[in-house]
Every structure is written in C-alpha cells, then in structure tokens.
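Novice: So here's structure39.txt, just compact mmCIF, C-alpha atoms:
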# COMPACT_ATOMS: atom_id res chain seq x y z
CA MET A 257 0.00 0.00 0.00
CA LYS A 258 1.40 3.39 -1.01
CA ALA A 259 1.49 6.31 1.41
CA ALA A 260 -0.89 9.10 0.43
CA LEU A 261 0.59 12.36 -0.77
CA ILE A 262 -1.00 15.12 1.32
CA VAL A 263 -1.03 18.75 0.14
CA MET A 264 -2.07 21.95 1.93
CA THR A 265 -4.29 24.55 0.31
CA ILE A 266 -4.60 28.02 1.85
CA MET A 267 -7.97 29.70 1.47
CA GLY A 268 -9.43 33.04 2.49
CA CYS A 269 -12.98 32.99 3.89
CA ASP A 270 -15.73 35.28 5.11
CA ASP A 271 -16.54 35.65 8.83
CA SER A 272 -18.64 32.49 8.88
CA ALA A 273 -15.99 30.50 6.94
CA THR A 274 -18.65 29.34 4.47
CA GLN A 275 -17.54 31.32 1.41
CA CYS A 276 -13.87 30.64 0.75
CA HIS A 277 -11.55 31.48 -2.12
CA TYR A 278 -8.29 29.88 -3.12
CA ILE A 279 -5.17 31.80 -2.07
CA ASP A 280 -2.26 29.39 -2.46
CA THR A 281 -1.10 25.78 -2.49
CA VAL A 282 1.87 25.22 -0.18
CA GLN A 283 4.89 24.00 -2.15
CA GLN A 284 5.47 21.09 0.20
CA SER A 285 3.79 17.73 0.73
CA TRP A 286 3.37 15.38 3.68
CA GLN A 287 2.82 11.67 4.10
CA THR A 288 -0.09 12.05 6.53
CA VAL A 289 -2.83 14.57 7.25
CA ALA A 290 -1.60 14.75 10.86
CA LEU A 291 1.87 15.90 9.74
CA CYS A 292 0.28 18.45 7.43
CA ASP A 293 -2.01 19.72 10.21
CA ALA A 294 1.01 20.18 12.47
CA GLN A 295 2.35 22.76 9.99
CA ALA A 296 -0.99 24.48 9.28
CA GLU A 297 -0.65 27.38 11.72
CA THR A 298 2.85 28.19 10.47
CA GLN A 299 1.63 28.29 6.88
CA ILE A 300 -1.48 30.33 7.75
CA ASN A 301 0.68 32.91 9.52
CA ARG A 302 2.58 33.46 6.26
CA HIS A 303 -0.67 34.66 4.66
CA GLN A 304 -1.89 37.10 7.30
CA ASP A 305 -1.49 39.99 4.88
CA LYS A 306 -4.41 38.74 2.77
CA ASN A 307 -7.67 40.70 2.96
CA TYR A 308 -9.89 37.99 4.49
CA PRO A 309 -11.31 37.83 8.03
CA VAL A 310 -10.56 34.07 8.23
CA ILE A 311 -7.70 32.15 6.63
CA VAL A 312 -7.94 28.35 6.54
CA ALA A 313 -5.49 25.60 5.69
CA VAL A 314 -6.97 22.46 4.18
CA CYS A 315 -4.88 19.28 4.22
CA GLU A 316 -6.02 16.61 1.77
CA SER A 317 -4.83 13.90 -0.57
CA ALA A 318 -3.35 15.25 -3.78
CA GLY A 319 -5.97 13.34 -5.80
CA GLU A 320 -8.84 15.03 -3.91
CA ARG A 321 -7.71 18.66 -4.19
CA MET A 322 -10.31 21.40 -3.82
CA THR A 323 -11.23 23.60 -6.76
CA ALA A 324 -9.77 27.08 -6.91
CA ASP A 325 -13.13 28.87 -7.08
CA ILE A 326 -15.34 28.45 -4.04
CA ALA A 327 -15.11 25.74 -1.42
CA LYS A 328 -16.86 25.10 1.86
CA PRO A 329 -14.36 24.03 4.53
CA GLU A 330 -17.02 22.40 6.69
CA ALA A 331 -17.83 19.97 3.87
CA LYS A 332 -15.05 17.58 4.86
CA THR A 333 -14.10 14.30 3.31
CA ALA A 334 -10.72 13.01 4.42
CA GLU A 335 -9.21 16.45 4.93
CA THR A 336 -8.78 18.37 8.14
CA ASN A 337 -9.12 22.14 8.38
CA ALA A 338 -7.18 24.57 10.52
CA GLN A 339 -8.26 28.18 10.64
CA VAL A 340 -7.17 31.42 12.19
CA GLU A 341 -9.32 34.53 12.43
CA ILE A 342 -7.36 37.65 11.60
Kindly transcribe the structure held in the file into structure tokens.

Specialist:
Amino acid sequence: MKAALIVMTIMGCDDSATQCHYIDTVQQSWQTVALCDAQAETQINRHQDKNYPVIVAVCESAGERMTADIAKPEAKTAETNAQVEI
C-alpha cells in the first residue's frame, strides 16, 4: 500500500468560513494529514497579509484537491481544516 501524498491549500474565507476562495497551495507535501495539520498554523501565519477575516489551511490527498473557485471548509471528506481569524 502506497502512502498518500498530502497537500495543503490556503484559502481566504468570510466571517462564517462558508464562502472561501483559493489563495495558495503550499509547495510542500506530507505523508499524513496529521503531519500536514502540524504545519498548518505556520503556513497560515505566512498569509496574514491577505484581505480575508478568516484564513484556513486544508490538508487533503493530492488526488482530492479542492477547486480554486469556491469551497466550503465544513464539507469535509478526508481532509482536516485549521483556521485562524485575523
């Protein structure tokens, strides 16, 4: 069984974190969601200059990446979300 390739997507959201827009995909990958989650706050802090009240980091398998338009972080599959209100 191969280890999953986990990627982190940074998204900017409204106050309720229901309307989110793609900001960036972190140029790093992890072998587990837990390892990705451990780095989420560090990566979110690098995007504090963006004009969104909430920034979220979504860790997910590379084959299940979110679309760049609009996503709803609470609609989880195998990913885990970390968020920081700015």

Novice: Name all residues at most 8 Å from Leu261 in chain A (count only C-alpha atoms; drop same-chain ones fewer than 5 positions away) and give them as a ChimeraX atom specification.

Specialist: /A:285-288,317-318

Novice: Mind dumping the selected residues with C-alpha atoms as an mmCIF file, in the coordinates of the input?

Specialist:
data_model
loop_
_atom_site.group_PDB
_atom_site.id
_atom_site.type_symbol
_atom_site.label_atom_id
_atom_site.label_comp_id
_atom_site.auth_asym_id
_atom_site.auth_seq_id
_atom_site.Cartn_x
_atom_site.Cartn_y
_atom_site.Cartn_z
ATOM 1 C CA SER A 285 3.790 17.730 0.730
ATOM 2 C CA TRP A 286 3.370 15.380 3.680
ATOM 3 C CA GLN A 287 2.820 11.670 4.100
ATOM 4 C CA THR A 288 -0.090 12.050 6.530
ATOM 5 C CA SER A 317 -4.830 13.900 -0.570
ATOM 6 C CA ALA A 318 -3.350 15.250 -3.780
#

Novice: Figure out the distance between CA of Ala260 in chain A and CA of Val289 in chain A, please, to one decimal in Å.

Specialist: 9.0 Å

Novice: For Gly268 in chain A, which of A:Asp293, A:Gln299, A:Glu316, A:Pro309 is the closest residue, counting only C-alpha atoms?

Specialist: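 The shortest atom-to-atom distance to Gly268 in chain A comes from A:Pro309.
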
Novice: Kindly give the distance, in Å, that separates CA of Val263 in chain A and CA of Ile300 in chain A, rounded to a single decimal.

Specialist: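 We find that CA of Val263 in chain A and CA of Ile300 in chain A lie 13.9 Å from each other.
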
Novice: Need to verify the contact set: Asp270 in chain A, 10 Å, all atoms listed in the file, exclusion of same-chain residues closer than 3 positions in sequence. Can you return it as a VMD selection string?

Specialist: chain A and resid 273 to 277 307 to 311 341

Novice: How about saving the chosen residues, C-alpha atoms kept, as a PDB file, in the frame of the given file?

Specialist:
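out16.pdb, written as the output of this step:
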ATOM      1  CA  ALA A 273     -15.990  30.500   6.940  1.00  0.00           C
ATOM      2  CA  THR A 274     -18.650  29.340   4.470  1.00  0.00           C
ATOM      3  CA  GLN A 275     -17.540  31.320   1.410  1.00  0.00           C
ATOM      4  CA  CYS A 276     -13.870  30.640   0.750  1.00  0.00           C
ATOM      5  CA  HIS A 277     -11.550  31.480  -2.120  1.00  0.00           C
ATOM      6  CA  ASN A 307      -7.670  40.700   2.960  1.00  0.00           C
ATOM      7  CA  TYR A 308      -9.890  37.990   4.490  1.00  0.00           C
ATOM      8  CA  PRO A 309     -11.310  37.830   8.030  1.00  0.00           C
ATOM      9  CA  VAL A 310     -10.560  34.070   8.230  1.00  0.00           C
ATOM     10  CA  ILE A 311      -7.700  32.150   6.630  1.00  0.00           C
ATOM     11  CA  GLU A 341      -9.320  34.530  12.430  1.00  0.00           C
TER      12      GLU A 341
END

Novice: Have a look at A:Ile262, A:Ala290, A:Ile279, A:Cys269 and name the one nearest to His303 in chain A; count all atoms listed in the file.

Specialist: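 Between A:Ile262, A:Ala290, A:Ile279, A:Cys269, the residue approaching His303 in chain A most closely is A:Ile279.
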
Novice: Taking all atoms of range 277-287 of chain A that the file lists and extending 4 Å past them on each side, where is the centre of the axis-aligned box and how long are its edges? Answer in Å to one decimal, as AutoDock Vina command-line options.

Specialist:
--center_x -3.0 --center_y 21.7 --center_z 0.5 --size_x 25.0 --size_y 28.1 --size_z 15.2

Novice: What does the structure give for the distance between CA of Met264 in chain A and CA of Cys292 in chain A, in Å to one decimal?

Specialist: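 About the pair CA of Met264 in chain A and CA of Cys292 in chain A: they are 6.9 Å apart.
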
Novice: Would you mind telling me which residue in A:Met267, A:Gln284, A:Gly319, A:Ala294 lies nearest to Lys306 in chain A when using all atoms listed in the file?

Specialist: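 Counting all atoms listed in the file, the residue closest to Lys306 in chain A is A:Met267.
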
Novice: Determine the nearest neighbour of Val314 in chain A from the options A:Ile266, A:Asp271, A:Asp280, A:Leu291, counting all atoms listed in the file.

Specialist: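 Ranked by minimum distance to Val314 in chain A, first place goes to A:Ile266.
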